[in-house]
$ cat my_file_15.pdb   # PDB, C-alpha atoms
ATOM      1  CA  MET A  22       6.217   8.691  -0.783  1.00  0.00           C
ATOM      2  CA  GLY A  23       5.463   4.966  -0.661  1.00  0.00           C
ATOM      3  CA  LEU A  24       8.935   4.122   0.639  1.00  0.00           C
ATOM      4  CA  SER A  25       8.197   6.023   3.837  1.00  0.00           C
ATOM      5  CA  LEU A  26       5.498   3.439   4.594  1.00  0.00           C
ATOM      6  CA  VAL A  27       7.838   0.447   4.273  1.00  0.00           C
ATOM      7  CA  THR A  28       8.974  -1.558   7.278  1.00  0.00           C
ATOM      8  CA  TRP A  29      12.262  -3.142   6.213  1.00  0.00           C
ATOM      9  CA  ILE A  30      12.911  -6.543   7.761  1.00  0.00           C
ATOM     10  CA  GLY A  31      16.396  -7.964   8.170  1.00  0.00           C
ATOM     11  CA  HIS A  32      16.209 -11.486   6.702  1.00  0.00           C
ATOM     12  CA  ARG A  33      18.127 -13.670   9.180  1.00  0.00           C
ATOM     13  CA  GLY A  34      19.696 -10.464  10.447  1.00  0.00           C
ATOM     14  CA  TYR A  35      22.163  -8.871   8.021  1.00  0.00           C
ATOM     15  CA  PRO A  36      23.549 -11.770   5.951  1.00  0.00           C
ATOM     16  CA  GLU A  37      24.918  -9.634   3.153  1.00  0.00           C
ATOM     17  CA  LEU A  38      27.764  -8.705   5.508  1.00  0.00           C
ATOM     18  CA  TYR A  39      27.556 -11.008   8.547  1.00  0.00           C
ATOM     19  CA  PRO A  40      26.758 -14.662   9.273  1.00  0.00           C
ATOM     20  CA  GLU A  41      23.045 -15.325   9.021  1.00  0.00           C
ATOM     21  CA  ASN A  42      21.030 -15.873  12.202  1.00  0.00           C
ATOM     22  CA  SER A  43      23.931 -14.599  14.294  1.00  0.00           C
ATOM     23  CA  LEU A  44      23.677 -12.264  17.254  1.00  0.00           C
ATOM     24  CA  LEU A  45      26.229 -10.061  15.519  1.00  0.00           C
ATOM     25  CA  GLY A  46      24.166  -9.870  12.335  1.00  0.00           C
ATOM     26  CA  ILE A  47      20.985  -9.041  14.237  1.00  0.00           C
ATOM     27  CA  GLU A  48      22.712  -6.304  16.218  1.00  0.00           C
ATOM     28  CA  LYS A  49      24.284  -4.813  13.092  1.00  0.00           C
ATOM     29  CA  ALA A  50      20.918  -4.829  11.285  1.00  0.00           C
ATOM     30  CA  ILE A  51      19.334  -2.909  14.141  1.00  0.00           C
ATOM     31  CA  GLU A  52      22.275  -0.482  14.209  1.00  0.00           C
ATOM     32  CA  ALA A  53      21.711   0.074  10.473  1.00  0.00           C
ATOM     33  CA  GLY A  54      18.111   1.078  11.222  1.00  0.00           C
ATOM     34  CA  ALA A  55      16.055  -2.099  10.842  1.00  0.00           C
ATOM     35  CA  ARG A  56      12.687  -1.906  12.578  1.00  0.00           C
ATOM     36  CA  ALA A  57      12.091  -5.642  12.208  1.00  0.00           C
ATOM     37  CA  ILE A  58      14.221  -8.785  12.199  1.00  0.00           C
ATOM     38  CA  GLU A  59      13.415 -12.312  11.015  1.00  0.00           C
ATOM     39  CA  ILE A  60      15.129 -15.366  12.507  1.00  0.00           C
ATOM     40  CA  ASP A  61      14.866 -19.138  12.042  1.00  0.00           C
ATOM     41  CA  LEU A  62      14.575 -21.790  14.737  1.00  0.00           C
ATOM     42  CA  GLN A  63      15.711 -25.380  14.670  1.00  0.00           C
ATOM     43  CA  ALA A  64      15.762 -27.690  17.715  1.00  0.00           C
ATOM     44  CA  SER A  65      18.689 -29.253  19.537  1.00  0.00           C
ATOM     45  CA  LEU A  66      18.717 -32.908  20.565  1.00  0.00           C
ATOM     46  CA  GLU A  67      16.793 -32.129  23.756  1.00  0.00           C
ATOM     47  CA  GLY A  68      14.363 -29.743  22.031  1.00  0.00           C
ATOM     48  CA  GLU A  69      15.944 -26.361  22.805  1.00  0.00           C
ATOM     49  CA  PRO A  70      15.273 -23.597  20.227  1.00  0.00           C
ATOM     50  CA  VAL A  71      18.445 -22.442  18.474  1.00  0.00           C
ATOM     51  CA  LEU A  72      19.001 -19.943  15.668  1.00  0.00           C
ATOM     52  CA  PHE A  73      19.667 -21.954  12.537  1.00  0.00           C
ATOM     53  CA  HIS A  74      18.024 -22.144   9.127  1.00  0.00           C
ATOM     54  CA  ASP A  75      19.177 -25.492   7.720  1.00  0.00           C
ATOM     55  CA  GLU A  76      18.662 -28.925   9.213  1.00  0.00           C
ATOM     56  CA  ASP A  77      22.208 -29.769   8.184  1.00  0.00           C
ATOM     57  CA  LEU A  78      25.139 -28.128   9.952  1.00  0.00           C
ATOM     58  CA  PHE A  79      27.612 -28.153   7.073  1.00  0.00           C
ATOM     59  CA  ARG A  80      26.886 -24.909   5.195  1.00  0.00           C
ATOM     60  CA  MET A  81      27.098 -22.790   8.324  1.00  0.00           C
ATOM     61  CA  THR A  82      29.717 -24.626  10.384  1.00  0.00           C
ATOM     62  CA  GLY A  83      31.625 -26.998   8.089  1.00  0.00           C
ATOM     63  CA  ARG A  84      30.626 -29.882  10.379  1.00  0.00           C
ATOM     64  CA  ALA A  85      28.723 -33.044   9.514  1.00  0.00           C
ATOM     65  CA  GLY A  86      25.326 -33.973  10.905  1.00  0.00           C
ATOM     66  CA  ASN A  87      22.044 -32.273  11.683  1.00  0.00           C
ATOM     67  CA  VAL A  88      21.270 -29.696  14.346  1.00  0.00           C
ATOM     68  CA  ARG A  89      18.998 -32.143  16.164  1.00  0.00           C
ATOM     69  CA  ASP A  90      21.846 -34.680  16.469  1.00  0.00           C
ATOM     70  CA  TYR A  91      23.558 -32.617  19.175  1.00  0.00           C
ATOM     71  CA  PRO A  92      22.606 -31.348  22.636  1.00  0.00           C
ATOM     72  CA  LEU A  93      22.585 -27.611  23.156  1.00  0.00           C
ATOM     73  CA  GLN A  94      25.812 -27.575  25.121  1.00  0.00           C
ATOM     74  CA  LYS A  95      27.678 -29.232  22.243  1.00  0.00           C
ATOM     75  CA  LEU A  96      26.012 -27.123  19.542  1.00  0.00           C
ATOM     76  CA  GLN A  97      27.175 -23.958  21.245  1.00  0.00           C
ATOM     77  CA  THR A  98      30.787 -25.070  20.833  1.00  0.00           C
ATOM     78  CA  PHE A  99      30.317 -25.006  17.031  1.00  0.00           C
ATOM     79  CA  SER A 100      31.011 -21.829  15.095  1.00  0.00           C
ATOM     80  CA  ALA A 101      28.326 -20.867  12.561  1.00  0.00           C
ATOM     81  CA  HIS A 102      30.497 -18.318  10.774  1.00  0.00           C
ATOM     82  CA  GLU A 103      29.757 -19.557   7.216  1.00  0.00           C
ATOM     83  CA  PRO A 104      33.341 -20.518   6.358  1.00  0.00           C
ATOM     84  CA  ARG A 105      32.684 -21.241   2.677  1.00  0.00           C
ATOM     85  CA  ARG A 106      31.074 -17.839   2.068  1.00  0.00           C
ATOM     86  CA  LEU A 107      32.788 -15.585   4.601  1.00  0.00           C
ATOM     87  CA  GLY A 108      36.039 -17.397   5.332  1.00  0.00           C
ATOM     88  CA  GLU A 109      37.322 -17.084   8.885  1.00  0.00           C
ATOM     89  CA  ARG A 110      36.385 -13.417   9.247  1.00  0.00           C
ATOM     90  CA  TYR A 111      33.782 -14.018  11.942  1.00  0.00           C
ATOM     91  CA  PHE A 112      35.226 -17.059  13.671  1.00  0.00           C
ATOM     92  CA  PRO A 113      34.154 -17.890  16.321  1.00  0.00           C
ATOM     93  CA  CYS A 114      30.427 -17.293  15.924  1.00  0.00           C
ATOM     94  CA  PRO A 115      28.620 -19.624  18.365  1.00  0.00           C
ATOM     95  CA  ILE A 116      25.169 -20.931  17.497  1.00  0.00           C
ATOM     96  CA  ALA A 117      22.761 -18.815  19.544  1.00  0.00           C
ATOM     97  CA  HIS A 118      19.948 -20.027  21.800  1.00  0.00           C
ATOM     98  CA  LEU A 119      16.656 -18.165  21.431  1.00  0.00           C
ATOM     99  CA  SER A 120      17.044 -16.758  24.948  1.00  0.00           C
ATOM    100  CA  GLN A 121      20.158 -14.869  23.809  1.00  0.00           C
ATOM    101  CA  VAL A 122      18.149 -13.184  21.068  1.00  0.00           C
ATOM    102  CA  VAL A 123      15.487 -12.244  23.607  1.00  0.00           C
ATOM    103  CA  GLU A 124      18.153 -10.618  25.758  1.00  0.00           C
ATOM    104  CA  LEU A 125      19.438  -8.666  22.755  1.00  0.00           C
ATOM    105  CA  MET A 126      15.988  -7.610  21.547  1.00  0.00           C
ATOM    106  CA  SER A 127      15.000  -6.502  25.051  1.00  0.00           C
ATOM    107  CA  LYS A 128      17.472  -3.644  24.573  1.00  0.00           C
ATOM    108  CA  HIS A 129      15.590  -2.514  21.453  1.00  0.00           C
ATOM    109  CA  PRO A 130      11.888  -2.227  22.349  1.00  0.00           C
ATOM    110  CA  GLY A 131       9.665  -1.591  19.376  1.00  0.00           C
ATOM    111  CA  VAL A 132      11.818  -3.578  16.950  1.00  0.00           C
ATOM    112  CA  LYS A 133       9.598  -6.418  15.789  1.00  0.00           C
ATOM    113  CA  LEU A 134      10.926  -9.973  15.802  1.00  0.00           C
ATOM    114  CA  PHE A 135       9.518 -12.474  13.308  1.00  0.00           C
ATOM    115  CA  VAL A 136      10.338 -15.933  14.662  1.00  0.00           C
ATOM    116  CA  GLU A 137      10.165 -18.674  12.040  1.00  0.00           C
ATOM    117  CA  ILE A 138       9.669 -22.158  13.436  1.00  0.00           C
ATOM    118  CA  LYS A 139      11.117 -24.525  10.845  1.00  0.00           C
ATOM    119  CA  SER A 140       8.791 -27.359   9.856  1.00  0.00           C
ATOM    120  CA  GLU A 141      11.566 -29.953  10.141  1.00  0.00           C
ATOM    121  CA  VAL A 142      11.458 -29.604  13.934  1.00  0.00           C
ATOM    122  CA  PHE A 143       8.191 -31.532  13.949  1.00  0.00           C
ATOM    123  CA  GLN A 144       9.861 -34.639  12.553  1.00  0.00           C
ATOM    124  CA  THR A 145      11.277 -35.105  16.059  1.00  0.00           C
ATOM    125  CA  PHE A 146       9.258 -32.977  18.479  1.00  0.00           C
ATOM    126  CA  SER A 147       5.543 -32.364  18.824  1.00  0.00           C
ATOM    127  CA  ARG A 148       4.213 -29.000  17.740  1.00  0.00           C
ATOM    128  CA  SER A 149       2.720 -28.503  21.170  1.00  0.00           C
ATOM    129  CA  ALA A 150       5.924 -29.132  23.108  1.00  0.00           C
ATOM    130  CA  PHE A 151       8.209 -27.023  20.926  1.00  0.00           C
ATOM    131  CA  LEU A 152       5.709 -24.183  20.653  1.00  0.00           C
ATOM    132  CA  ASP A 153       5.421 -24.012  24.447  1.00  0.00           C
ATOM    133  CA  VAL A 154       9.209 -23.776  24.843  1.00  0.00           C
ATOM    134  CA  VAL A 155       9.459 -21.068  22.197  1.00  0.00           C
ATOM    135  CA  TRP A 156       6.642 -18.928  23.567  1.00  0.00           C
ATOM    136  CA  GLN A 157       7.867 -19.208  27.147  1.00  0.00           C
ATOM    137  CA  THR A 158      11.356 -18.169  26.047  1.00  0.00           C
ATOM    138  CA  LEU A 159       9.944 -15.163  24.192  1.00  0.00           C
ATOM    139  CA  ALA A 160       7.954 -14.007  27.239  1.00  0.00           C
ATOM    140  CA  PRO A 161       9.990 -10.817  27.947  1.00  0.00           C
ATOM    141  CA  ILE A 162       9.372  -9.515  24.410  1.00  0.00           C
ATOM    142  CA  HIS A 163       5.932 -10.949  23.568  1.00  0.00           C
ATOM    143  CA  GLN A 164       4.657  -7.498  22.610  1.00  0.00           C
ATOM    144  CA  ASP A 165       7.158  -7.305  19.743  1.00  0.00           C
ATOM    145  CA  CYS A 166       6.954 -10.919  18.483  1.00  0.00           C
ATOM    146  CA  VAL A 167       5.239 -12.594  15.548  1.00  0.00           C
ATOM    147  CA  LEU A 168       5.448 -16.369  15.165  1.00  0.00           C
ATOM    148  CA  ILE A 169       5.779 -17.487  11.550  1.00  0.00           C
ATOM    149  CA  SER A 170       6.092 -20.837   9.789  1.00  0.00           C
ATOM    150  CA  PHE A 171       5.378 -22.780   6.617  1.00  0.00           C
ATOM    151  CA  ASP A 172       3.455 -25.090   8.962  1.00  0.00           C
ATOM    152  CA  LEU A 173      -0.029 -23.613   9.310  1.00  0.00           C
ATOM    153  CA  LEU A 174      -1.062 -26.116  11.972  1.00  0.00           C
ATOM    154  CA  VAL A 175       1.474 -24.849  14.516  1.00  0.00           C
ATOM    155  CA  LEU A 176       0.327 -21.289  13.809  1.00  0.00           C
ATOM    156  CA  ARG A 177      -3.318 -22.224  14.455  1.00  0.00           C
ATOM    157  CA  MET A 178      -2.176 -23.749  17.727  1.00  0.00           C
ATOM    158  CA  ALA A 179      -0.365 -20.521  18.640  1.00  0.00           C
ATOM    159  CA  GLN A 180      -3.430 -18.426  17.805  1.00  0.00           C
ATOM    160  CA  GLU A 181      -5.654 -20.593  19.976  1.00  0.00           C
ATOM    161  CA  ARG A 182      -3.312 -20.916  22.952  1.00  0.00           C
ATOM    162  CA  PHE A 183      -1.632 -17.542  23.093  1.00  0.00           C
ATOM    163  CA  GLN A 184      -3.779 -15.203  20.972  1.00  0.00           C
ATOM    164  CA  CYS A 185      -0.521 -14.019  19.443  1.00  0.00           C
ATOM    165  CA  PRO A 186       0.030 -12.591  15.957  1.00  0.00           C
ATOM    166  CA  VAL A 187       1.183 -15.152  13.404  1.00  0.00           C
ATOM    167  CA  GLY A 188       2.374 -15.189   9.809  1.00  0.00           C
ATOM    168  CA  TRP A 189       1.973 -18.030   7.337  1.00  0.00           C
ATOM    169  CA  VAL A 190       4.843 -18.499   4.883  1.00  0.00           C
ATOM    170  CA  LEU A 191       3.315 -19.711   1.633  1.00  0.00           C
ATOM    171  CA  THR A 192       4.752 -22.717  -0.124  1.00  0.00           C
ATOM    172  CA  ASN A 193       2.466 -21.983  -3.060  1.00  0.00           C
ATOM    173  CA  TYR A 194       0.476 -18.936  -4.073  1.00  0.00           C
ATOM    174  CA  ASP A 195      -2.646 -20.757  -5.234  1.00  0.00           C
ATOM    175  CA  HIS A 196      -6.380 -21.197  -4.696  1.00  0.00           C
ATOM    176  CA  GLN A 197      -5.876 -23.940  -2.139  1.00  0.00           C
ATOM    177  CA  SER A 198      -3.729 -21.701   0.035  1.00  0.00           C
ATOM    178  CA  TYR A 199      -6.231 -18.846  -0.213  1.00  0.00           C
ATOM    179  CA  ALA A 200      -9.054 -21.194   0.775  1.00  0.00           C
ATOM    180  CA  ARG A 201      -7.190 -22.065   3.995  1.00  0.00           C
ATOM    181  CA  LEU A 202      -6.951 -18.372   4.899  1.00  0.00           C
ATOM    182  CA  LYS A 203     -10.072 -16.577   3.790  1.00  0.00           C
ATOM    183  CA  ASP A 204     -12.358 -17.713   6.628  1.00  0.00           C
ATOM    184  CA  ASN A 205      -9.649 -18.098   9.254  1.00  0.00           C
ATOM    185  CA  PRO A 206      -7.102 -15.349   8.628  1.00  0.00           C
ATOM    186  CA  VAL A 207      -3.648 -14.718  10.019  1.00  0.00           C
ATOM    187  CA  GLU A 208      -1.996 -11.371  10.704  1.00  0.00           C
ATOM    188  CA  PHE A 209       0.679 -11.744   8.017  1.00  0.00           C
ATOM    189  CA  VAL A 210       0.761 -13.636   4.730  1.00  0.00           C
ATOM    190  CA  ILE A 211       4.399 -14.153   3.775  1.00  0.00           C
ATOM    191  CA  CYS A 212       5.566 -14.907   0.253  1.00  0.00           C
ATOM    192  CA  ASN A 213       8.681 -14.929  -1.910  1.00  0.00           C
ATOM    193  CA  ILE A 214       8.295 -12.065  -4.368  1.00  0.00           C
ATOM    194  CA  ARG A 215       8.873 -14.465  -7.286  1.00  0.00           C
ATOM    195  CA  LYS A 216       5.711 -16.390  -6.388  1.00  0.00           C
ATOM    196  CA  LEU A 217       3.354 -13.414  -6.582  1.00  0.00           C
ATOM    197  CA  PRO A 218       1.175 -12.937  -9.673  1.00  0.00           C
ATOM    198  CA  PRO A 219       2.549 -10.442 -12.196  1.00  0.00           C
ATOM    199  CA  LEU A 220       1.493  -6.826 -12.088  1.00  0.00           C
ATOM    200  CA  PRO A 221      -0.994  -5.255 -12.376  1.00  0.00           C
ATOM    201  CA  GLU A 222      -2.737  -8.072 -10.476  1.00  0.00           C
ATOM    202  CA  LYS A 223      -2.822  -7.421  -6.725  1.00  0.00           C
ATOM    203  CA  PRO A 224      -2.326 -10.179  -4.137  1.00  0.00           C
ATOM    204  CA  TRP A 225      -5.312 -11.548  -2.226  1.00  0.00           C
ATOM    205  CA  ALA A 226      -7.194  -8.929  -0.271  1.00  0.00           C
ATOM    206  CA  GLY A 227      -8.013  -9.708   3.342  1.00  0.00           C
ATOM    207  CA  PRO A 228      -7.579  -8.586   6.947  1.00  0.00           C
ATOM    208  CA  TRP A 229      -3.922  -9.623   6.828  1.00  0.00           C
ATOM    209  CA  GLN A 230      -0.811  -7.692   5.875  1.00  0.00           C
ATOM    210  CA  TRP A 231       1.449  -8.929   3.110  1.00  0.00           C
ATOM    211  CA  PHE A 232       5.107  -9.571   3.901  1.00  0.00           C
ATOM    212  CA  VAL A 233       7.354 -10.235   0.902  1.00  0.00           C
ATOM    213  CA  TYR A 234      10.880 -11.584   1.027  1.00  0.00           C
ATOM    214  CA  ASP A 235      14.012 -11.807  -1.112  1.00  0.00           C
ATOM    215  CA  VAL A 236      13.854  -8.149  -2.146  1.00  0.00           C
ATOM    216  CA  VAL A 237      17.324  -6.730  -2.826  1.00  0.00           C
ATOM    217  CA  ASP A 238      16.852  -3.944  -5.370  1.00  0.00           C
ATOM    218  CA  GLU A 239      14.804  -0.881  -6.190  1.00  0.00           C
ATOM    219  CA  ALA A 240      12.839  -2.507  -9.027  1.00  0.00           C
ATOM    220  CA  ASN A 241      11.408  -5.224  -6.791  1.00  0.00           C
ATOM    221  CA  THR A 242      10.783  -2.668  -4.055  1.00  0.00           C
ATOM    222  CA  GLN A 243       8.705  -0.579  -6.452  1.00  0.00           C
ATOM    223  CA  ALA A 244       6.842  -3.723  -7.531  1.00  0.00           C
ATOM    224  CA  CYS A 245       5.928  -4.309  -3.880  1.00  0.00           C
ATOM    225  CA  LEU A 246       4.700  -0.743  -3.472  1.00  0.00           C
ATOM    226  CA  GLN A 247       2.548  -1.018  -6.609  1.00  0.00           C
ATOM    227  CA  ARG A 248       0.911  -4.059  -5.011  1.00  0.00           C
ATOM    228  CA  GLY A 249       0.318  -2.215  -1.736  1.00  0.00           C
ATOM    229  CA  ILE A 250       2.905  -4.288   0.163  1.00  0.00           C
ATOM    230  CA  TYR A 251       4.822  -2.446   2.884  1.00  0.00           C
ATOM    231  CA  TRP A 252       6.460  -5.214   4.924  1.00  0.00           C
ATOM    232  CA  ILE A 253       9.567  -6.068   2.900  1.00  0.00           C
ATOM    233  CA  GLU A 254      12.337  -8.457   3.883  1.00  0.00           C
ATOM    234  CA  THR A 255      15.856  -8.204   2.523  1.00  0.00           C
ATOM    235  CA  TRP A 256      19.263  -9.838   2.867  1.00  0.00           C
ATOM    236  CA  ASN A 257      20.958  -6.440   2.545  1.00  0.00           C
ATOM    237  CA  ILE A 258      19.210  -4.297   5.112  1.00  0.00           C
ATOM    238  CA  GLY A 259      21.815  -1.522   5.152  1.00  0.00           C
ATOM    239  CA  ALA A 260      21.723  -0.923   1.400  1.00  0.00           C
ATOM    240  CA  MET A 261      17.932  -0.982   1.213  1.00  0.00           C
ATOM    241  CA  LEU A 262      17.569   1.465   4.099  1.00  0.00           C
ATOM    242  CA  GLN A 263      20.064   3.768   2.406  1.00  0.00           C
ATOM    243  CA  MET A 264      18.089   3.520  -0.832  1.00  0.00           C
ATOM    244  CA  SER A 265      14.894   4.436   1.015  1.00  0.00           C
ATOM    245  CA  ALA A 266      16.562   7.381   2.716  1.00  0.00           C
ATOM    246  CA  GLY A 267      17.792   8.696  -0.617  1.00  0.00           C
ATOM    247  CA  GLN A 268      14.340   8.776  -2.230  1.00  0.00           C
TER     248      GLN A 268
END
$ encode --input "my_file_15.pdb" --output "structure tokens"
Amino acid sequence: MGLSLVTWIGHRGYPELYPENSLLGIEKAIEAGARAIEIDLQASLEGEPVLFHDEDLFRMTGRAGNVRDYPLQKLQTFSAHEPRRLGERYFPCPIAHLSQVVELMSKHPGVKLFVEIKSEVFQTFSRSAFLDVVWQTLAPIHQDCVLISFDLLVLRMAQERFQCPVGWVLTNYDHQSYARLKDNPVEFVICNIRKLPPLPEKPWAGPWQWFVYDVVDEANTQACLQRGIYWIETWNIGAMLQMSAGQ
């Protein structure tokens, strides 16, 4: 019964089978039945939002340097096909600009997009400037977007400027983090399942919804349900949707 209440979120698309944060992986996750997708944003040299998790290019592309070392035009000549993990199966897999994701998601209204703004961006660009670019780019799909980040300050800025839903990714599940939320809540509190207190303790109650990530099996799924958590992110969206359908 509880599984019918779950919204499964494709973590960086469908990285169990496809390169993470790729247009292909996002499309395949939606084809598999995902009703929500999470992506990561880094910034190019000129401050354009691109889909990439790491600061460093090497794991995804085999190239040296950081994302912010290159202009967008150059970045999009690199293939983020994860050669060490996936070989050459998905070469070429160009690094995507956020606008390309918007175009893809526009074909799937009602599928929610969680857009994580990586904190490292703010080493080079102001929160205000990058946030404006991101929100303007997302304009065609605002109704289906949630901005998320480990950086609570940029989320407060988004709440104030755009009155948009936001989700705070917790670095620590502790009293200090709860104190920052209880009188000024967000729509989603996002946490790695390994950081939650052990059952039977429930996570903090509040006007927010809990969103838990790194769930890849039935045992952890049941642990989420026992805690009353129904937004669950997974690397293997196809397998988890099949598990849910079989219950």
$ closest_residue --input "my_file_15.pdb" --among "A:Gln63, A:Ser120, A:Asn205, A:Asn241" --to "Gly227 (chain A)" --atoms "only C-alpha atoms"
A:Asn205
$ closest_atom_pairs --input "my_file_15.pdb" --of "region 61-118 of chain A" --to "region 30-35 of chain A" --cutoff "10 Å" --atoms "all atoms listed in the file" --output "tab-separated table"
residue	atom	partner	partner_atom	distance
A:Asp61	CA	A:Arg33	CA	7.0
A:Leu72	CA	A:Arg33	CA	9.1
A:Phe73	CA	A:Arg33	CA	9.1
A:His74	CA	A:Arg33	CA	8.5
$ write_last_selection --input "my_file_15.pdb" --atoms "C-alpha atoms" --output "PDB file, keeping the file's coordinate frame"
ATOM      1  CA  ASP A  61      14.866 -19.138  12.042  1.00  0.00           C
ATOM      2  CA  LEU A  72      19.001 -19.943  15.668  1.00  0.00           C
ATOM      3  CA  PHE A  73      19.667 -21.954  12.537  1.00  0.00           C
ATOM      4  CA  HIS A  74      18.024 -22.144   9.127  1.00  0.00           C
TER       5      HIS A  74
END
$ residues_around --input "my_file_15.pdb" --residues "Glu124 (chain A)" --least-positions-apart "6" --cutoff "10 Å" --atoms "all atoms listed in the file" --output "list of chain:residue names"
A:Leu159, A:Pro161, A:Ile162
$ resolve_selection --input "my_file_15.pdb" --expression "the PyMOL selection byres ((chain A and resi 26) around 10)" --output "short mmCIF file (atom, residue, chain, number, x, y, z; two decimals) with C-alpha atoms, keeping the file's coordinate frame"
data_model
loop_
_atom_site.label_atom_id
_atom_site.label_comp_id
_atom_site.auth_asym_id
_atom_site.auth_seq_id
_atom_site.Cartn_x
_atom_site.Cartn_y
_atom_site.Cartn_z
CA MET A 22 6.22 8.69 -0.78
CA GLY A 23 5.46 4.97 -0.66
CA LEU A 24 8.94 4.12 0.64
CA SER A 25 8.20 6.02 3.84
CA VAL A 27 7.84 0.45 4.27
CA THR A 28 8.97 -1.56 7.28
CA TRP A 29 12.26 -3.14 6.21
CA LEU A 246 4.70 -0.74 -3.47
CA GLY A 249 0.32 -2.22 -1.74
CA ILE A 250 2.90 -4.29 0.16
CA TYR A 251 4.82 -2.45 2.88
CA TRP A 252 6.46 -5.21 4.92
#
$ residues_around --input "my_file_15.pdb" --residues "Lys49 (chain A)" --least-positions-apart "5" --cutoff "9 Å" --atoms "only C-alpha atoms" --output "MDAnalysis selection string"
chainID A and resid 34:35 39 44 54:55 259
$ closest_residue --input "my_file_15.pdb" --among "A:Ile51, A:Val233, A:Gly83, A:Pro70" --to "Gln121 (chain A)" --atoms "all atoms listed in the file"
A:Pro70
$ resolve_selection --input "my_file_15.pdb" --expression "the PyMOL selection byres ((chain A and resi 216) around 12)" --output "list of chain:residue names"
A:Val190, A:Leu191, A:Thr192, A:Asn193, A:Tyr194, A:Asp195, A:Ile211, A:Cys212, A:Asn213, A:Ile214, A:Arg215, A:Leu217, A:Pro218, A:Pro219, A:Leu220, A:Pro224, A:Val233, A:Tyr234, A:Asp235
$ atom_distance --input "my_file_15.pdb" --atom1 "CA of Leu78 (chain A)" --atom2 "CA of Ala160 (chain A)"
28.2 Å
$ resolve_selection --input "my_file_15.pdb" --expression "the PyMOL selection byres ((chain A and resi 85-87) around 12)" --output "number ranges by chain"
A: 63-66, 73-84, 88-92, 96, 99, 141-142, 145
$ residues_around --input "my_file_15.pdb" --residues "His102 (chain A)" --least-positions-apart "4" --cutoff "7 Å" --atoms "all atoms listed in the file" --output "MDAnalysis selection string"
chainID A and resid 40 81:82 111:114
$ write_last_selection --input "my_file_15.pdb" --atoms "C-alpha atoms" --output "PDB file, in the coordinates of the input"
ATOM      1  CA  PRO A  40      26.758 -14.662   9.273  1.00  0.00           C
ATOM      2  CA  MET A  81      27.098 -22.790   8.324  1.00  0.00           C
ATOM      3  CA  THR A  82      29.717 -24.626  10.384  1.00  0.00           C
ATOM      4  CA  TYR A 111      33.782 -14.018  11.942  1.00  0.00           C
ATOM      5  CA  PHE A 112      35.226 -17.059  13.671  1.00  0.00           C
ATOM      6  CA  PRO A 113      34.154 -17.890  16.321  1.00  0.00           C
ATOM      7  CA  CYS A 114      30.427 -17.293  15.924  1.00  0.00           C
TER       8      CYS A 114
END
$ closest_residue --input "my_file_15.pdb" --among "A:Trp256, A:Tyr199, A:Trp156, A:Trp231" --to "Asn42 (chain A)" --atoms "only C-alpha atoms"
A:Trp256
$ atom_distance --input "my_file_15.pdb" --atom1 "CA of Leu262 (chain A)" --atom2 "CA of Val207 (chain A)"
27.3 Å
$ atom_distance --input "my_file_15.pdb" --atom1 "CA of Leu173 (chain A)" --atom2 "CA of Glu222 (chain A)"
25.3 Å
$ closest_residue --input "my_file_15.pdb" --among "A:Val132, A:Ala240, A:Val175, A:Ile253" --to "Ala150 (chain A)" --atoms "all atoms listed in the file"
A:Val175
$ axis_aligned_box --input "my_file_15.pdb" --around "region 249-252 of chain A" --padding-each-side "8 Å" --output "lines of an AutoDock Vina configuration file"
center_x = 3.4
center_y = -3.7
center_z = 1.6
size_x = 22.1
size_y = 19.0
size_z = 22.7
$ closest_residue --input "my_file_15.pdb" --among "A:Lys133, A:Lys223, A:Arg248, A:His118" --to "Val155 (chain A)" --atoms "all atoms listed in the file"
A:His118
$ closest_residue --input "my_file_15.pdb" --among "A:Arg148, A:Arg201, A:Gln157, A:Asp165" --to "Phe183 (chain A)" --atoms "only C-alpha atoms"
A:Gln157
